[in-house]
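Down below is the structure, laid out as structure tokens.
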Amino acid sequence: MIEIAPQQLPTLSRWFPTGSPGLGALAEHVLTTGAGYWWADRPDRPRVLAVTCGDHVLLRGDPSALAPDALARFADQYVETPSRFWPALGSAFERVSPWERMLYVHQAQASSCLPRTPRGVTVRRLTPEDVPALAELHSENAWIHASWGGPSRLAASGHAWAAFAKGRILSVACTYFLGSAYEDIAVVTVPDRRRERLALACVAGLAADIQARGHTASWCCSRDNRPSRLLAWTAGFRLTREYVHHATGRALAHEVRAAPVPASGGATALA
């Protein structure tokens with residue numbers, strides 16, 4: 001797979017339909033924010049197309065067009081793709097783990113009132129002045145701003161709410177993938193301040209913003225993540241569907257023989 005520029009993209013309607021919730025908003029997010037990459041098996045009339053953002057991959061097209069090592073760049077990521085690609089994933093990586101996921105959609109009639117928070121805690125929308133506090137989150141929580149390209153871009157986006165105490169961020173909820181109809185959200189709370197309804201307060205503020213923009217919030221989580229499922233339900237999200245994406249491991253090495261160069265010197269497109 002080779003990286004292609006946005007201006008090289010084919011018409012995307014058949015590849016990644018617009019107005020989709022959950023990971024379906026990833027392609028629109030990359031087009032809107034520029035935080036992500038496009039990949040194809042060839043630059044002209046691609047047969048396989050992928051879009052990546054953070055550690056997530058959407059993969060579409062005809063898997064029979066893939067070279068043996070074409071998927072190697074998607075090692076150690078989460079790949080969502082039709083089942084026809086699953087054999088190709090299995091032959092490309094040392095480990096491919098299916099992960100059952102649940103997609104929730106926010107209900108418009110759900111209350112958007114901020115729950116009461118502990119004394120000394122303020123819940124509000126992030127601003128550019130909050131970059132240092134966002135950057136100070138522990139590295140294990142840095143994924144929360146990965147889909148925007150870092151803390152500066154998330155803080156300036158207007159698409160995040162956080163709970164603060166003495167200048168420290170305790171919890172943050174943000175639009176992780178920004179679509180034209182849906183905004184898929186993510187939330188994280190520092191370990192020592194969980195069970196204080198801080199995440200719920202951040203999600204409530206964010207959901208109200210999303211509704212005011214004329215969009216609908218969606219929420220994806222692992223089927224085994226009971227705390228996330230409970231938080232989604234409490235915040236007014238309801239289950240829409242279940243799906244599977246795959247966590248990939250290290251790429252397998254493939255022996256690739258060099259193709260002979262035509263005597264005429266003609267160029268050969270590499271997948």
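FYI, nothing fancy with the structure tokens labels: chains A, B, ... in order, residues from 1 per chain, ligands from 1 as they appear.
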### Task
For Ala186 in chain A, work out the shell of residues within 9 Å, counting only C-alpha atoms and skipping chain neighbours fewer than 2 positions away, then give it as a list in words.
Ile144, Val172, Ala173, Cys174, Thr175, Tyr176, Phe177, Asp184, Val188, Val203, Trp219 and Cys220 of chain A
Selection from above, all heavy atoms, as an mmCIF file, in the first residue's frame, can you write it?
```cif
data_model
loop_
_atom_site.group_PDB
_atom_site.id
_atom_site.type_symbol
_atom_site.label_atom_id
_atom_site.label_comp_id
_atom_site.auth_asym_id
_atom_site.auth_seq_id
_atom_site.Cartn_x
_atom_site.Cartn_y
_atom_site.Cartn_z
ATOM 1 N N ILE A 144 -6.071 9.909 23.898
ATOM 2 C CA ILE A 144 -7.299 10.693 23.831
ATOM 3 C C ILE A 144 -7.185 11.836 22.819
ATOM 4 O O ILE A 144 -8.186 12.261 22.237
ATOM 5 C CB ILE A 144 -7.687 11.232 25.226
ATOM 6 C CG1 ILE A 144 -9.140 11.732 25.240
ATOM 7 C CG2 ILE A 144 -6.739 12.315 25.697
ATOM 8 C CD1 ILE A 144 -10.169 10.642 25.119
ATOM 9 N N VAL A 172 -11.408 13.860 30.744
ATOM 10 C CA VAL A 172 -11.649 14.582 29.501
ATOM 11 C C VAL A 172 -12.468 13.719 28.563
ATOM 12 O O VAL A 172 -12.243 12.512 28.443
ATOM 13 C CB VAL A 172 -10.320 15.029 28.838
ATOM 14 C CG1 VAL A 172 -9.418 13.839 28.545
ATOM 15 C CG2 VAL A 172 -10.576 15.816 27.559
ATOM 16 N N ALA A 173 -13.462 14.336 27.939
ATOM 17 C CA ALA A 173 -14.271 13.691 26.900
ATOM 18 C C ALA A 173 -14.145 14.530 25.640
ATOM 19 O O ALA A 173 -14.169 15.763 25.702
ATOM 20 C CB ALA A 173 -15.731 13.594 27.327
ATOM 21 N N CYS A 174 -13.995 13.863 24.507
ATOM 22 C CA CYS A 174 -13.819 14.615 23.267
ATOM 23 C C CYS A 174 -14.477 13.888 22.104
ATOM 24 O O CYS A 174 -14.760 12.688 22.162
ATOM 25 C CB CYS A 174 -12.338 14.826 22.963
ATOM 26 S SG CYS A 174 -11.450 13.327 22.465
ATOM 27 N N THR A 175 -14.732 14.660 21.060
ATOM 28 C CA THR A 175 -15.091 14.068 19.777
ATOM 29 C C THR A 175 -13.836 13.412 19.231
ATOM 30 O O THR A 175 -12.853 14.095 18.941
ATOM 31 C CB THR A 175 -15.604 15.143 18.807
ATOM 32 O OG1 THR A 175 -16.814 15.700 19.323
ATOM 33 C CG2 THR A 175 -15.857 14.550 17.431
ATOM 34 N N TYR A 176 -13.868 12.100 19.101
ATOM 35 C CA TYR A 176 -12.686 11.390 18.616
ATOM 36 C C TYR A 176 -12.659 11.348 17.096
ATOM 37 O O TYR A 176 -11.606 11.509 16.489
ATOM 38 C CB TYR A 176 -12.657 9.976 19.194
ATOM 39 C CG TYR A 176 -11.264 9.395 19.260
ATOM 40 C CD1 TYR A 176 -10.318 9.909 20.145
ATOM 41 C CD2 TYR A 176 -10.889 8.345 18.437
ATOM 42 C CE1 TYR A 176 -9.034 9.390 20.198
ATOM 43 C CE2 TYR A 176 -9.606 7.819 18.489
ATOM 44 C CZ TYR A 176 -8.672 8.343 19.373
ATOM 45 O OH TYR A 176 -7.396 7.838 19.421
ATOM 46 N N PHE A 177 -13.830 11.124 16.499
ATOM 47 C CA PHE A 177 -13.964 11.170 15.042
ATOM 48 C C PHE A 177 -15.142 12.075 14.696
ATOM 49 O O PHE A 177 -16.275 11.804 15.105
ATOM 50 C CB PHE A 177 -14.175 9.772 14.458
ATOM 51 C CG PHE A 177 -13.009 8.844 14.665
ATOM 52 C CD1 PHE A 177 -13.196 7.578 15.198
ATOM 53 C CD2 PHE A 177 -11.724 9.233 14.332
ATOM 54 C CE1 PHE A 177 -12.123 6.721 15.403
ATOM 55 C CE2 PHE A 177 -10.646 8.384 14.526
ATOM 56 C CZ PHE A 177 -10.846 7.125 15.065
ATOM 57 N N ASP A 184 -18.225 10.604 16.935
ATOM 58 C CA ASP A 184 -17.917 9.481 17.810
ATOM 59 C C ASP A 184 -17.013 9.977 18.925
ATOM 60 O O ASP A 184 -15.972 10.586 18.665
ATOM 61 C CB ASP A 184 -17.250 8.354 17.032
ATOM 62 C CG ASP A 184 -17.316 7.042 17.784
ATOM 63 O OD1 ASP A 184 -18.435 6.607 18.092
ATOM 64 O OD2 ASP A 184 -16.254 6.466 18.077
ATOM 65 N N VAL A 188 -11.677 9.661 29.001
ATOM 66 C CA VAL A 188 -10.698 9.040 29.873
ATOM 67 C C VAL A 188 -10.674 9.805 31.193
ATOM 68 O O VAL A 188 -10.860 11.028 31.215
ATOM 69 C CB VAL A 188 -9.298 9.019 29.212
ATOM 70 C CG1 VAL A 188 -8.719 10.412 29.077
ATOM 71 C CG2 VAL A 188 -8.348 8.127 29.977
ATOM 72 N N VAL A 203 -18.952 14.072 29.579
ATOM 73 C CA VAL A 203 -19.732 13.544 28.456
ATOM 74 C C VAL A 203 -21.025 14.339 28.287
ATOM 75 O O VAL A 203 -21.445 14.629 27.156
ATOM 76 C CB VAL A 203 -20.026 12.047 28.657
ATOM 77 C CG1 VAL A 203 -21.052 11.553 27.642
ATOM 78 C CG2 VAL A 203 -18.744 11.233 28.544
ATOM 79 N N TRP A 219 -20.895 6.261 20.414
ATOM 80 C CA TRP A 219 -19.960 5.766 21.438
ATOM 81 C C TRP A 219 -19.642 4.315 21.109
ATOM 82 O O TRP A 219 -20.539 3.486 20.971
ATOM 83 C CB TRP A 219 -20.654 5.868 22.781
ATOM 84 C CG TRP A 219 -19.916 5.405 24.001
ATOM 85 C CD1 TRP A 219 -19.395 4.163 24.258
ATOM 86 C CD2 TRP A 219 -19.669 6.166 25.177
ATOM 87 N NE1 TRP A 219 -18.842 4.120 25.505
ATOM 88 C CE2 TRP A 219 -18.998 5.341 26.093
ATOM 89 C CE3 TRP A 219 -19.967 7.483 25.542
ATOM 90 C CZ2 TRP A 219 -18.614 5.779 27.358
ATOM 91 C CZ3 TRP A 219 -19.587 7.919 26.799
ATOM 92 C CH2 TRP A 219 -18.906 7.079 27.688
ATOM 93 N N CYS A 220 -18.364 3.987 20.985
ATOM 94 C CA CYS A 220 -17.945 2.614 20.737
ATOM 95 C C CYS A 220 -17.111 2.113 21.898
ATOM 96 O O CYS A 220 -16.270 2.846 22.428
ATOM 97 C CB CYS A 220 -17.108 2.517 19.448
ATOM 98 S SG CYS A 220 -17.985 2.970 17.944
#
```
Within 10 Å of range 100-108 of chain A, which residues of range 1-28 of chain A show up? Give each one with its shortest atom-to-atom distance in Å (one decimal) and the two atoms involved, counting only C-alpha atoms, rows by chain then rising residue number, as a tab-separated table.
```
residue	atom	partner	partner_atom	distance
A:Pro21	CA	A:Val105	CA	7.6
A:Gly22	CA	A:Leu103	CA	6.4
A:Leu23	CA	A:Leu103	CA	9.1
```
Restricting it to all heavy atoms, dump the selection as a tab-separated table (two decimals), in the first residue's frame.
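Written file, part-v8.tsv:
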```tsv
chain	number	residue	atom	x	y	z
A	21	PRO	N	-22.35	6.49	11.97
A	21	PRO	CA	-21.89	6.64	13.35
A	21	PRO	C	-20.66	5.79	13.64
A	21	PRO	O	-20.24	4.96	12.81
A	21	PRO	CB	-23.10	6.13	14.15
A	21	PRO	CG	-23.71	5.09	13.25
A	21	PRO	CD	-23.51	5.60	11.85
A	22	GLY	N	-20.09	5.98	14.82
A	22	GLY	CA	-18.97	5.16	15.25
A	22	GLY	C	-17.75	5.35	14.36
A	22	GLY	O	-17.44	6.46	13.91
A	23	LEU	N	-17.05	4.23	14.09
A	23	LEU	CA	-15.87	4.29	13.23
A	23	LEU	C	-16.20	4.75	11.82
A	23	LEU	O	-15.31	5.15	11.07
A	23	LEU	CB	-15.20	2.93	13.18
A	23	LEU	CG	-14.27	2.56	14.34
A	23	LEU	CD1	-13.77	1.14	14.18
A	23	LEU	CD2	-13.10	3.53	14.41
```
### Counting only C-alpha atoms, the option among A:Gln109, A:Ala160, A:Ser20, A:Ser147 closest to Tyr37 in chain A
A:Ser147
Residues at most 8 Å from Trp15 in chain A, counting only C-alpha atoms, excluding those fewer than 4 positions away in the same chain, as a PDB file with all heavy atoms, in the first residue's frame?
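Below is the file that was written, part19.pdb:
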```pdb
ATOM      1  N   THR A  11     -13.702   9.060  -5.862  1.00  0.00           N
ATOM      2  CA  THR A  11     -14.971   9.375  -5.215  1.00  0.00           C
ATOM      3  C   THR A  11     -15.194   8.393  -4.074  1.00  0.00           C
ATOM      4  O   THR A  11     -15.173   7.174  -4.278  1.00  0.00           O
ATOM      5  CB  THR A  11     -16.122   9.288  -6.228  1.00  0.00           C
ATOM      6  OG1 THR A  11     -15.873  10.204  -7.292  1.00  0.00           O
ATOM      7  CG2 THR A  11     -17.444   9.634  -5.562  1.00  0.00           C
ATOM      8  N   LEU A  49      -8.452   0.523  -0.705  1.00  0.00           N
ATOM      9  CA  LEU A  49      -8.265   1.847  -0.115  1.00  0.00           C
ATOM     10  C   LEU A  49      -8.362   1.717   1.400  1.00  0.00           C
ATOM     11  O   LEU A  49      -9.203   0.984   1.927  1.00  0.00           O
ATOM     12  CB  LEU A  49      -9.341   2.805  -0.631  1.00  0.00           C
ATOM     13  CG  LEU A  49      -9.135   4.305  -0.385  1.00  0.00           C
ATOM     14  CD1 LEU A  49      -7.913   4.815  -1.136  1.00  0.00           C
ATOM     15  CD2 LEU A  49     -10.381   5.084  -0.823  1.00  0.00           C
ATOM     16  N   ARG A  60     -11.016  -1.105   2.859  1.00  0.00           N
ATOM     17  CA  ARG A  60     -12.090  -1.475   1.938  1.00  0.00           C
ATOM     18  C   ARG A  60     -11.506  -1.866   0.585  1.00  0.00           C
ATOM     19  O   ARG A  60     -10.379  -1.522   0.251  1.00  0.00           O
ATOM     20  CB  ARG A  60     -13.065  -0.304   1.751  1.00  0.00           C
ATOM     21  CG  ARG A  60     -13.748   0.185   3.022  1.00  0.00           C
ATOM     22  CD  ARG A  60     -14.752  -0.832   3.542  1.00  0.00           C
ATOM     23  NE  ARG A  60     -15.520  -0.312   4.659  1.00  0.00           N
ATOM     24  CZ  ARG A  60     -15.167  -0.459   5.938  1.00  0.00           C
ATOM     25  NH1 ARG A  60     -14.047  -1.114   6.239  1.00  0.00           N
ATOM     26  NH2 ARG A  60     -15.923   0.038   6.898  1.00  0.00           N
ATOM     27  N   GLY A  61     -12.311  -2.583  -0.221  1.00  0.00           N
ATOM     28  CA  GLY A  61     -11.920  -2.902  -1.588  1.00  0.00           C
ATOM     29  C   GLY A  61     -11.867  -4.388  -1.860  1.00  0.00           C
ATOM     30  O   GLY A  61     -12.615  -5.182  -1.277  1.00  0.00           O
TER      31      GLY A  61
END
```
### Task
Give the alpha helix (DSSP H) residues of range 36-267 of chain A, as DSSP finds them on the backbone, and put them as a ChimeraX atom specification.
/A:86-92,131-135,151-157,198-212,226-234
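For the atom pair formed by CA of Ala217 in chain A and CA of Ser97 in chain A, the distance is 27.6 Å, given to one decimal.
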### Query
Nearest to Phe237 in chain A: which of A:Leu71, A:Asp76, A:Ala204, A:Asp41 is it, counting only C-alpha atoms?
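Ranked by minimum distance to Phe237 in chain A, first place goes to A:Ala204.
As for CA of Trp233 in chain A and CA of Asp55 in chain A, they are spaced 25.6 Å apart.
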Neighbours of Leu12 in chain A within 10 Å (only C-alpha atoms; same-chain residues fewer than 3 positions away dropped), as an mmCIF file with all heavy atoms, in the first residue's frame?
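File written: result.cif
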```cif
data_model
loop_
_atom_site.group_PDB
_atom_site.id
_atom_site.type_symbol
_atom_site.label_atom_id
_atom_site.label_comp_id
_atom_site.auth_asym_id
_atom_site.auth_seq_id
_atom_site.Cartn_x
_atom_site.Cartn_y
_atom_site.Cartn_z
ATOM 1 N N LEU A 9 -7.610 11.147 -4.134
ATOM 2 C CA LEU A 9 -8.648 10.207 -3.728
ATOM 3 C C LEU A 9 -9.712 10.041 -4.804
ATOM 4 O O LEU A 9 -10.123 11.016 -5.440
ATOM 5 C CB LEU A 9 -9.316 10.689 -2.442
ATOM 6 C CG LEU A 9 -8.477 10.614 -1.170
ATOM 7 C CD1 LEU A 9 -9.207 11.306 -0.021
ATOM 8 C CD2 LEU A 9 -8.182 9.168 -0.808
ATOM 9 N N TRP A 15 -16.751 3.785 -1.108
ATOM 10 C CA TRP A 15 -15.760 3.235 -0.197
ATOM 11 C C TRP A 15 -16.153 3.463 1.264
ATOM 12 O O TRP A 15 -16.134 2.541 2.068
ATOM 13 C CB TRP A 15 -14.394 3.888 -0.459
ATOM 14 C CG TRP A 15 -13.837 3.691 -1.828
ATOM 15 C CD1 TRP A 15 -14.015 4.493 -2.913
ATOM 16 C CD2 TRP A 15 -12.992 2.620 -2.270
ATOM 17 N NE1 TRP A 15 -13.338 4.008 -3.999
ATOM 18 C CE2 TRP A 15 -12.691 2.856 -3.630
ATOM 19 C CE3 TRP A 15 -12.442 1.496 -1.643
ATOM 20 C CZ2 TRP A 15 -11.875 2.006 -4.375
ATOM 21 C CZ3 TRP A 15 -11.621 0.656 -2.387
ATOM 22 C CH2 TRP A 15 -11.360 0.910 -3.732
ATOM 23 N N PHE A 16 -16.462 4.707 1.586
ATOM 24 C CA PHE A 16 -16.777 5.085 2.965
ATOM 25 C C PHE A 16 -18.000 5.998 2.957
ATOM 26 O O PHE A 16 -17.875 7.216 2.805
ATOM 27 C CB PHE A 16 -15.597 5.811 3.615
ATOM 28 C CG PHE A 16 -14.293 5.060 3.529
ATOM 29 C CD1 PHE A 16 -13.287 5.485 2.675
ATOM 30 C CD2 PHE A 16 -14.076 3.928 4.300
ATOM 31 C CE1 PHE A 16 -12.081 4.805 2.587
ATOM 32 C CE2 PHE A 16 -12.874 3.233 4.206
ATOM 33 C CZ PHE A 16 -11.886 3.666 3.364
ATOM 34 N N PRO A 17 -19.197 5.440 3.091
ATOM 35 C CA PRO A 17 -20.408 6.267 3.058
ATOM 36 C C PRO A 17 -20.374 7.349 4.141
ATOM 37 O O PRO A 17 -19.896 7.122 5.249
ATOM 38 C CB PRO A 17 -21.532 5.248 3.314
ATOM 39 C CG PRO A 17 -20.956 3.931 2.907
ATOM 40 C CD PRO A 17 -19.497 4.005 3.244
ATOM 41 N N THR A 18 -20.882 8.523 3.803
ATOM 42 C CA THR A 18 -20.923 9.618 4.769
ATOM 43 C C THR A 18 -22.108 9.453 5.711
ATOM 44 O O THR A 18 -23.032 8.678 5.452
ATOM 45 C CB THR A 18 -21.029 10.967 4.048
ATOM 46 O OG1 THR A 18 -22.231 10.980 3.252
ATOM 47 C CG2 THR A 18 -19.832 11.186 3.145
ATOM 48 N N ALA A 27 -13.347 8.368 8.257
ATOM 49 C CA ALA A 27 -12.924 8.916 6.970
ATOM 50 C C ALA A 27 -13.301 10.386 6.855
ATOM 51 O O ALA A 27 -12.499 11.210 6.382
ATOM 52 C CB ALA A 27 -13.541 8.113 5.825
ATOM 53 N N GLU A 28 -14.487 10.744 7.295
ATOM 54 C CA GLU A 28 -14.899 12.147 7.259
ATOM 55 C C GLU A 28 -14.023 12.988 8.182
ATOM 56 O O GLU A 28 -13.692 14.134 7.869
ATOM 57 C CB GLU A 28 -16.360 12.277 7.661
ATOM 58 C CG GLU A 28 -17.342 11.732 6.640
ATOM 59 C CD GLU A 28 -18.774 11.965 7.053
ATOM 60 O OE1 GLU A 28 -19.222 11.402 8.084
ATOM 61 O OE2 GLU A 28 -19.452 12.732 6.356
ATOM 62 N N LEU A 49 -8.452 0.523 -0.705
ATOM 63 C CA LEU A 49 -8.265 1.847 -0.115
ATOM 64 C C LEU A 49 -8.362 1.717 1.400
ATOM 65 O O LEU A 49 -9.203 0.984 1.927
ATOM 66 C CB LEU A 49 -9.341 2.805 -0.631
ATOM 67 C CG LEU A 49 -9.135 4.305 -0.385
ATOM 68 C CD1 LEU A 49 -7.913 4.815 -1.136
ATOM 69 C CD2 LEU A 49 -10.381 5.084 -0.823
#
```
### Task
Using DSSP on the backbone, list every residue of range 115-177 of chain A that comes out as strand (DSSP E or B), and give them as a PyMOL selection string.
chain A and resi 122-125+160-165+168-177
### Message
I'd like the neighbourhood of Ala135 in chain A as a ChimeraX atom specification, where a residue qualifies if any of its atoms comes within 12 Å (using only C-alpha atoms), though same-chain residues fewer than 4 positions away should be ignored.
### Response
/A:128-131,139-146,150-155,168-169
#### Entry: Close residues, Glu3 in chain A itself excluded, 7 Å, only C-alpha atoms, min 5 positions apart in chain, as a list in words
Trp38, Trp39 and Ala40 of chain A
Atoms to include: N, CA, C and O atoms. Write the selected residues as a PDB file, in the first residue's frame.
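Once everything was written out, this is result.pdb:
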```pdb
ATOM      1  N   TRP A  38      -4.196   8.477   4.013  1.00  0.00           N
ATOM      2  CA  TRP A  38      -4.894   7.664   3.023  1.00  0.00           C
ATOM      3  C   TRP A  38      -3.889   6.739   2.350  1.00  0.00           C
ATOM      4  O   TRP A  38      -2.769   7.136   2.037  1.00  0.00           O
ATOM      5  N   TRP A  39      -4.321   5.493   2.092  1.00  0.00           N
ATOM      6  CA  TRP A  39      -3.452   4.489   1.493  1.00  0.00           C
ATOM      7  C   TRP A  39      -4.218   3.764   0.391  1.00  0.00           C
ATOM      8  O   TRP A  39      -5.414   3.541   0.497  1.00  0.00           O
ATOM      9  N   ALA A  40      -3.497   3.376  -0.652  1.00  0.00           N
ATOM     10  CA  ALA A  40      -4.121   2.647  -1.760  1.00  0.00           C
ATOM     11  C   ALA A  40      -3.119   1.652  -2.331  1.00  0.00           C
ATOM     12  O   ALA A  40      -1.907   1.769  -2.125  1.00  0.00           O
TER      13      ALA A  40
END
```
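When the distance limit is 7 Å and only C-alpha atoms are what count, the residues near range 191-198 of chain A, minus those fewer than 6 positions from it on the same chain, are Thr117, Ala163, Leu170 and Ser171 of chain A.
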### Task
Name the closest residue to Ile185 in chain A among the candidates A:Ala247, A:Ala201, A:Val96, A:Leu206; distances are taken between atoms, counting only C-alpha atoms.
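Closest candidate: A:Leu206.
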### Query
What is the distance between CA of Leu26 in chain A and CA of Pro132 in chain A, in Å to one decimal?
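According to the coordinates, CA of Leu26 in chain A and CA of Pro132 in chain A are separated by 26.6 Å.
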